[in-house]
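Source file: query.cif (mmCIF, C-alpha atoms and all ligand atoms)
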data_input
loop_
_atom_site.label_atom_id
_atom_site.label_comp_id
_atom_site.auth_asym_id
_atom_site.auth_seq_id
_atom_site.Cartn_x
_atom_site.Cartn_y
_atom_site.Cartn_z
CA MET A 73 45.09 30.45 182.33
CA LYS A 74 45.41 31.13 178.61
CA ARG A 75 44.18 34.59 177.71
CA GLN A 76 41.35 35.01 175.26
CA ILE A 77 41.94 36.64 171.88
CA ALA A 78 39.85 39.46 170.40
CA LEU A 79 39.99 40.62 166.77
CA ILE A 80 38.89 44.21 166.15
CA THR A 81 38.56 45.62 162.63
CA GLY A 82 38.94 49.38 162.19
CA ALA A 83 40.94 49.67 165.42
CA SER A 84 42.95 52.69 164.25
CA SER A 85 40.36 55.26 165.31
CA GLY A 86 37.15 56.00 167.17
CA ILE A 87 35.01 53.12 168.39
CA GLY A 88 37.51 50.43 167.34
CA TYR A 89 40.40 52.18 169.10
CA ALA A 90 38.41 52.66 172.33
CA THR A 91 37.23 49.06 172.16
CA ALA A 92 40.82 47.85 171.87
CA LEU A 93 41.81 49.80 175.01
CA THR A 94 38.81 48.43 176.89
CA LEU A 95 39.34 44.82 175.85
CA ALA A 96 43.01 45.11 176.83
CA ARG A 97 41.87 46.25 180.30
CA MET A 98 39.51 43.27 180.37
CA GLY A 99 42.47 40.96 179.82
CA TYR A 100 42.14 40.03 176.16
CA ASP A 101 45.08 39.69 173.80
CA LEU A 102 44.35 41.68 170.66
CA ILE A 103 44.47 41.38 166.92
CA VAL A 104 43.96 44.89 165.59
CA VAL A 105 43.57 45.70 161.91
CA ALA A 106 42.98 48.80 159.76
CA ARG A 107 44.61 50.48 156.79
CA ARG A 108 46.72 52.95 158.85
CA MET A 109 49.58 51.10 160.53
CA ASN A 110 50.94 54.25 162.22
CA ARG A 111 47.66 54.51 164.19
CA LEU A 112 47.80 50.83 165.13
CA GLU A 113 51.36 51.41 166.34
CA SER A 114 50.18 54.30 168.55
CA LEU A 115 47.44 52.07 169.92
CA THR A 116 49.93 49.31 170.65
CA GLN A 117 52.24 51.77 172.39
CA GLU A 118 49.40 53.22 174.46
CA ILE A 119 48.37 49.76 175.65
CA GLN A 120 51.87 48.54 176.32
CA THR A 121 52.98 51.63 178.25
CA ASP A 122 49.92 51.59 180.53
CA PRO A 123 50.89 49.52 183.58
CA SER A 124 47.34 48.08 183.79
CA THR A 125 47.53 46.64 180.25
CA SER A 126 51.26 46.29 179.60
CA ASP A 127 51.09 42.48 179.51
CA THR A 128 48.62 42.51 176.59
CA ARG A 129 49.94 40.71 173.54
CA ILE A 130 49.06 42.59 170.35
CA HIS A 131 49.17 41.48 166.74
CA ALA A 132 48.68 44.51 164.51
CA ALA A 133 48.21 44.18 160.75
CA VAL A 134 47.39 46.42 157.82
CA LEU A 135 44.15 45.25 156.29
CA ASP A 136 41.73 46.77 153.82
CA VAL A 137 38.56 44.79 154.48
CA ARG A 138 37.30 45.54 150.95
CA SER A 139 39.75 43.03 149.50
CA LEU A 140 38.84 39.37 149.97
CA LYS A 141 42.32 38.47 148.80
CA ALA A 142 43.87 40.68 151.50
CA VAL A 143 41.55 39.28 154.16
CA LYS A 144 42.55 35.72 153.22
CA ALA A 145 46.25 36.63 153.20
CA PHE A 146 45.95 38.34 156.60
CA TYR A 147 44.28 35.29 158.14
CA ASP A 148 46.67 32.80 156.51
CA ALA A 149 49.63 34.79 157.87
CA LEU A 150 48.34 34.74 161.45
CA PRO A 151 50.55 32.55 163.62
CA GLY A 152 48.60 29.42 164.64
CA GLU A 153 48.05 30.48 168.25
CA TRP A 154 46.46 33.75 167.06
CA LYS A 155 43.89 31.89 164.98
CA HIS A 156 41.97 30.91 168.15
CA ILE A 157 39.76 33.99 168.09
CA ASP A 158 37.25 34.26 170.94
CA VAL A 159 35.79 37.71 170.26
CA PHE A 160 35.41 39.25 166.82
CA VAL A 161 34.33 42.90 166.60
CA ASN A 162 33.25 43.78 163.06
CA ASN A 163 33.67 47.53 163.37
CA ALA A 164 35.45 48.88 160.25
CA GLY A 165 33.09 51.13 158.38
CA LEU A 166 32.35 54.61 157.13
CA ALA A 167 29.89 57.05 155.64
CA LYS A 168 30.82 59.11 152.59
CA GLY A 169 28.71 62.12 151.77
CA LEU A 170 25.13 63.15 152.46
CA SER A 171 23.24 63.48 149.20
CA ARG A 172 20.13 62.40 147.39
CA ILE A 173 19.86 59.19 145.40
CA PHE A 174 19.49 61.21 142.21
CA ASP A 175 22.69 63.25 142.67
CA GLY A 176 24.89 61.08 144.93
CA ASP A 177 28.47 60.20 144.04
CA THR A 178 28.55 56.58 142.92
CA ASP A 179 32.18 56.21 144.03
CA ASP A 180 31.04 57.07 147.56
CA TRP A 181 28.29 54.45 147.27
CA ASP A 182 30.79 51.83 146.16
CA GLN A 183 33.11 52.63 149.06
CA MET A 184 30.33 52.37 151.64
CA ILE A 185 28.90 49.16 150.22
CA ASP A 186 32.35 47.61 149.73
CA THR A 187 33.45 48.45 153.28
CA ASN A 188 30.34 48.26 155.46
CA VAL A 189 28.66 45.29 153.79
CA LYS A 190 31.12 43.33 151.66
CA GLY A 191 34.07 43.98 154.00
CA LEU A 192 32.10 42.82 157.02
CA LEU A 193 31.05 39.72 155.08
CA TYR A 194 34.58 38.95 153.84
CA VAL A 195 36.17 39.09 157.29
CA SER A 196 33.29 37.08 158.75
CA ARG A 197 33.57 34.45 156.01
CA ILE A 198 37.25 33.93 156.76
CA VAL A 199 37.23 34.21 160.57
CA VAL A 200 33.97 32.58 161.66
CA PRO A 201 34.80 29.00 160.52
CA GLY A 202 37.63 28.92 163.08
CA MET A 203 35.23 30.05 165.79
CA ILE A 204 32.77 27.34 164.76
CA ALA A 205 35.55 24.75 164.95
CA GLN A 206 36.21 25.88 168.55
CA GLY A 207 32.50 25.67 169.36
CA ARG A 208 32.56 29.01 171.14
CA GLY A 209 33.06 32.70 170.55
CA HIS A 210 31.27 36.03 170.27
CA VAL A 211 30.72 38.08 167.12
CA ILE A 212 29.85 41.74 167.66
CA ASN A 213 28.73 43.66 164.58
CA ILE A 214 28.72 47.46 164.75
CA GLY A 215 25.61 48.60 162.91
CA SER A 216 24.06 52.02 163.47
CA ILE A 217 20.81 53.79 164.25
CA ALA A 218 21.06 54.34 160.48
CA GLY A 219 20.36 50.62 160.17
CA LYS A 220 17.15 50.92 162.13
CA GLU A 221 15.74 54.19 160.74
CA VAL A 222 16.46 56.25 157.65
CA TYR A 223 17.22 59.97 157.66
CA ASP A 224 17.35 62.68 155.01
CA ASN A 225 20.11 62.01 152.46
CA GLY A 226 21.37 59.00 154.42
CA ASN A 227 20.09 56.60 151.73
CA VAL A 228 23.10 54.41 150.83
CA TYR A 229 24.79 54.60 154.25
CA CYS A 230 21.45 53.65 155.82
CA GLY A 231 21.11 50.83 153.27
CA THR A 232 24.50 49.41 154.25
CA LYS A 233 23.63 49.52 157.94
CA PHE A 234 20.18 47.95 157.37
CA ALA A 235 22.17 45.20 155.64
CA VAL A 236 24.44 44.87 158.67
CA ASP A 237 21.34 44.48 160.86
CA ALA A 238 19.93 41.75 158.61
CA ILE A 239 23.28 39.98 158.33
CA THR A 240 23.68 40.12 162.13
CA LYS A 241 20.26 38.50 162.64
CA SER A 242 21.08 35.80 160.08
CA MET A 243 24.45 35.14 161.71
CA ARG A 244 22.78 34.71 165.10
CA LEU A 245 20.35 32.22 163.59
CA GLU A 246 23.11 30.24 161.92
CA LEU A 247 25.77 30.38 164.65
CA ALA A 248 23.71 29.68 167.78
CA VAL A 249 23.71 25.97 166.99
CA HIS A 250 27.53 26.09 167.00
CA GLY A 251 27.66 27.65 170.48
CA LEU A 252 28.51 31.17 169.30
CA LYS A 253 26.93 34.42 170.47
CA VAL A 254 26.13 37.21 168.00
CA THR A 255 25.36 40.79 169.05
CA GLY A 256 24.42 43.87 167.02
CA ILE A 257 25.34 47.26 168.45
CA HIS A 258 23.65 50.28 166.88
CA PRO A 259 24.88 53.70 168.01
CA GLY A 260 23.49 57.13 167.28
CA ALA A 261 25.82 60.12 166.94
CA VAL A 262 29.30 59.33 168.29
CA GLU A 263 31.99 61.98 167.87
CA THR A 264 34.91 60.19 166.21
CA GLU A 265 36.57 60.72 162.83
CA PHE A 266 33.27 59.53 161.31
CA SER A 267 31.95 62.94 160.20
CA ILE A 268 35.38 64.17 159.08
CA ILE A 269 35.54 61.17 156.76
CA ARG A 270 31.91 61.62 155.71
CA PHE A 271 32.62 65.24 154.71
CA ASP A 272 35.98 64.55 153.03
CA GLY A 273 38.13 66.24 155.67
CA ASP A 274 35.91 69.31 156.19
CA VAL A 275 36.50 69.61 159.94
CA ASP A 276 34.23 72.66 160.41
CA ARG A 277 31.29 70.86 158.81
CA ALA A 278 32.07 67.75 160.86
CA ASN A 279 32.22 69.76 164.10
CA ASN A 280 28.79 71.24 163.37
CA VAL A 281 27.28 67.74 163.56
CA TYR A 282 28.09 67.67 167.28
CA LYS A 283 27.23 71.29 168.18
CA GLY A 284 24.68 72.13 170.86
CA PHE A 285 24.12 68.72 172.43
CA GLU A 286 26.06 66.07 174.27
CA ASN A 287 27.01 63.47 171.68
CA LEU A 288 28.15 59.95 172.48
CA VAL A 289 31.89 59.28 172.65
CA ALA A 290 33.67 56.13 171.50
CA GLN A 291 34.13 54.99 175.08
CA ASP A 292 30.33 54.83 175.52
CA ILE A 293 30.23 52.14 172.84
CA ALA A 294 33.29 50.36 174.23
CA ASP A 295 31.53 50.31 177.62
CA ALA A 296 28.54 48.63 175.98
CA ILE A 297 30.84 46.06 174.40
CA GLU A 298 32.35 45.38 177.81
CA PHE A 299 28.84 44.86 179.20
CA VAL A 300 27.89 42.50 176.37
CA LEU A 301 31.05 40.45 176.81
CA SER A 302 30.77 40.18 180.57
CA ARG A 303 27.37 38.47 180.71
CA LYS A 304 27.05 34.89 181.96
CA PRO A 305 27.79 32.18 179.38
CA HIS A 306 24.10 31.42 178.77
CA VAL A 307 23.14 35.09 178.22
CA ASN A 308 23.36 36.72 174.80
CA ILE A 309 22.58 40.40 174.28
CA ASN A 310 21.06 40.26 170.81
CA ASP A 311 20.76 43.91 169.99
CA LEU A 312 21.59 47.28 171.54
CA VAL A 313 20.51 50.69 170.22
CA ILE A 314 22.53 53.38 172.00
CA MET A 315 21.67 57.04 171.51
CA PRO A 316 22.59 60.43 172.94
CA GLN A 317 19.75 61.55 175.19
CA ALA A 318 19.19 64.51 172.85
CA GLN A 319 18.77 62.27 169.77
CA ALA A 320 15.42 60.53 170.17
CA VAL A 321 15.34 59.33 166.56
CA ALA A 322 18.03 59.17 163.89
CA GLY A 323 17.39 62.44 162.11
CA VAL A 324 16.26 64.68 164.99
CA ILE A 325 18.70 66.14 167.49
CA ILE A 326 17.61 68.62 170.15
CA ARG A 327 20.29 71.31 170.17
CA LYS A 328 20.74 74.15 172.63
CA GLU A 329 21.81 77.54 171.37
CA THR A 330 25.52 78.10 172.09
P1 LIG B 401 36.19 56.38 162.60
O1 LIG B 401 36.27 57.02 161.26
O2 LIG B 401 36.78 57.07 163.75
O3 LIG B 401 36.79 54.89 162.51
C1 LIG B 401 36.51 54.06 161.41
C2 LIG B 401 37.47 52.91 161.42
O4 LIG B 401 37.18 52.05 160.30
C3 LIG B 401 38.92 53.36 161.28
O5 LIG B 401 39.72 52.62 162.16
C4 LIG B 401 39.25 53.02 159.84
O6 LIG B 401 40.63 52.69 159.74
C5 LIG B 401 38.40 51.78 159.62
N1 LIG B 401 38.17 51.52 158.20
C6 LIG B 401 37.51 52.28 157.30
N2 LIG B 401 37.58 51.71 156.09
C7 LIG B 401 38.31 50.57 156.22
C8 LIG B 401 38.74 49.57 155.32
N3 LIG B 401 38.44 49.60 154.02
N4 LIG B 401 39.48 48.53 155.80
C9 LIG B 401 39.79 48.48 157.11
N5 LIG B 401 39.42 49.40 158.01
C10 LIG B 401 38.69 50.44 157.57
O7 LIG B 401 34.62 56.13 162.84
P2 LIG B 401 33.83 55.35 163.99
O8 LIG B 401 34.72 54.83 165.03
O9 LIG B 401 32.72 56.23 164.38
O10 LIG B 401 33.22 54.14 163.13
C11 LIG B 401 33.33 52.79 163.51
C12 LIG B 401 32.06 52.07 163.11
O11 LIG B 401 30.97 52.61 163.85
C13 LIG B 401 31.67 52.20 161.64
O12 LIG B 401 31.19 50.95 161.18
C14 LIG B 401 30.54 53.23 161.65
O13 LIG B 401 29.67 53.08 160.57
C15 LIG B 401 29.89 52.88 162.97
N6 LIG B 401 29.06 53.90 163.57
C16 LIG B 401 29.56 55.15 163.85
C17 LIG B 401 28.73 56.10 164.40
C18 LIG B 401 29.18 57.49 164.68
O14 LIG B 401 28.32 58.38 164.85
N7 LIG B 401 30.49 57.75 164.76
C19 LIG B 401 27.36 55.78 164.78
C20 LIG B 401 26.93 54.45 164.43
C21 LIG B 401 27.77 53.56 163.87
P3 LIG B 401 41.62 53.08 158.55
O15 LIG B 401 41.15 54.37 157.96
O16 LIG B 401 42.96 53.17 159.22
O17 LIG B 401 41.53 51.93 157.61
C1 LIG B 402 26.29 56.95 162.32
C2 LIG B 402 25.03 57.48 162.87
O1 LIG B 402 23.04 58.95 162.36
O2 LIG B 402 25.27 59.92 162.13
O3 LIG B 402 26.13 55.62 161.93
O4 LIG B 402 24.46 58.33 160.51
S1 LIG B 402 24.41 58.71 161.91
#
Before we go any further, please render this structure as structure tokens.
Ligand code: NDP
Ligand code: 8X3
Amino acid sequence: MKRQIALITGASSGIGYATALTLARMGYDLIVVARRMNRLESLTQEIQTDPSTSDTRIHAAVLDVRSLKAVKAFYDALPGEWKHIDVFVNNAGLAKGLSRIFDGDTDDWDQMIDTNVKGLLYVSRIVVPGMIAQGRGHVINIGSIAGKEVYDNGNVYCGTKFAVDAITKSMRLELAVHGLKVTGIHPGAVETEFSIIRFDGDVDRANNVYKGFENLVAQDIADAIEFVLSRKPHVNINDLVIMPQAQAVAGVIIRKET
């Protein structure tokens, strides 16, 4: 039987990387995109040297989701057989900084809005018509607990993830009639490169985010994606909020002294 194809944006690290490994184990062929090709090459090597996933076909491409022109060029360059995308994981995203609206860095705001909102929209605009033409497929948008609740100094990042939540609900409304499923996944604190990027490479500050409690790891979110994708055809998981036990709400984490 022909294998299904999954497209994962932001597959070079963290949740996207773990999701690629998991979907390979599930038997999907993969289109993986991000800006760092060396990371996508490592991912490809890891999948192809693991005997349980070595038959996975992988198409890796450099893509900055902030550029509509680049997104169009990426899709146009896909060989025809790769255009039959069954699963589309809209994962690329980032937070930059933690500051108040009245002293935030507007370049950081632009990067978050351009990536998390406009990037997600651009890739969706280009990829979803092909899924509609097939009359089947599953779109999974990675939102955040920051798209359900706000926290101190989270303002613009939270705004982008509230937008992802609204866009996900709209997509579900518009795509159900075409036979597609749409799921929003909203994690709390997952230890990835997320905080290192948020704090501009300050690893000590990033590590402090995860001190004194058991944070989520990327595989926890990949496991949820596996669950969502393995439901019966008539079942759609609309929305999942996944938190560390110690993080009851976005801005409050119960930490033990270490
Ligand atoms: P990572 O920083 O580990 O991974 C982010 C991924 O996004 C990387 O692969 C990065 O690739 C990619 N990316 C960033 N900007 C762009 C761009 N302009 N074009 C293409 N790809 C891009 O963080 P996570 O794995 O944690 O983040 C993945 C998603 O999960 C994000 O949307 C994030 O907001 C969300 N999330 C994360 C949480 C957490 O606590 N970690 C919690 C809730 C949600 P590259 O740099 O190579 O382009
Ligand atoms: C990431 C979750 O709460 O660290 O989206 O911003 S949080």
List all protein, DNA and RNA residues that have at least one atom no more than 6 Å from any atom of ligand LIG 401 (chain B), counting only C-alpha atoms and all ligand atoms, and write them as an NGL selection string. :A and (82-88 or 106-108 or 135-138 or 163-166 or 187 or 214-216 or 258-266)
Which residues, written as a PyMOL selection string, have at least one atom at most 12 Å from Gln120 in chain A, with only C-alpha atoms counted and residues fewer than 4 positions away on the same chain left out? chain A and resi 92-93+96-97+101-102+113-116+124-130
Residues near range 305-316 of chain A, anyone? I mean within 9 Å using all atoms listed in the file, not counting same-chain ones fewer than 6 positions away, as number ranges by chain. A: 216-217, 220, 241, 244, 253-262, 285-288, 292-293, 296, 322, 325
Which is closest to ligand LIG 402 (chain B) among A:Ala142, A:Ala133, A:Val199, A:Leu170, if we use only C-alpha atoms and all ligand atoms?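 For ligand LIG 402 (chain B), the nearest of the given residues is A:Leu170.
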Using all atoms listed in the file, can you tell me which of A:Leu301, A:Leu192, A:Val236, A:Ile326 comes closest to Val143 in chain A?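 Among A:Leu301, A:Leu192, A:Val236, A:Ile326, it is A:Leu192 that comes nearest to Val143 in chain A.
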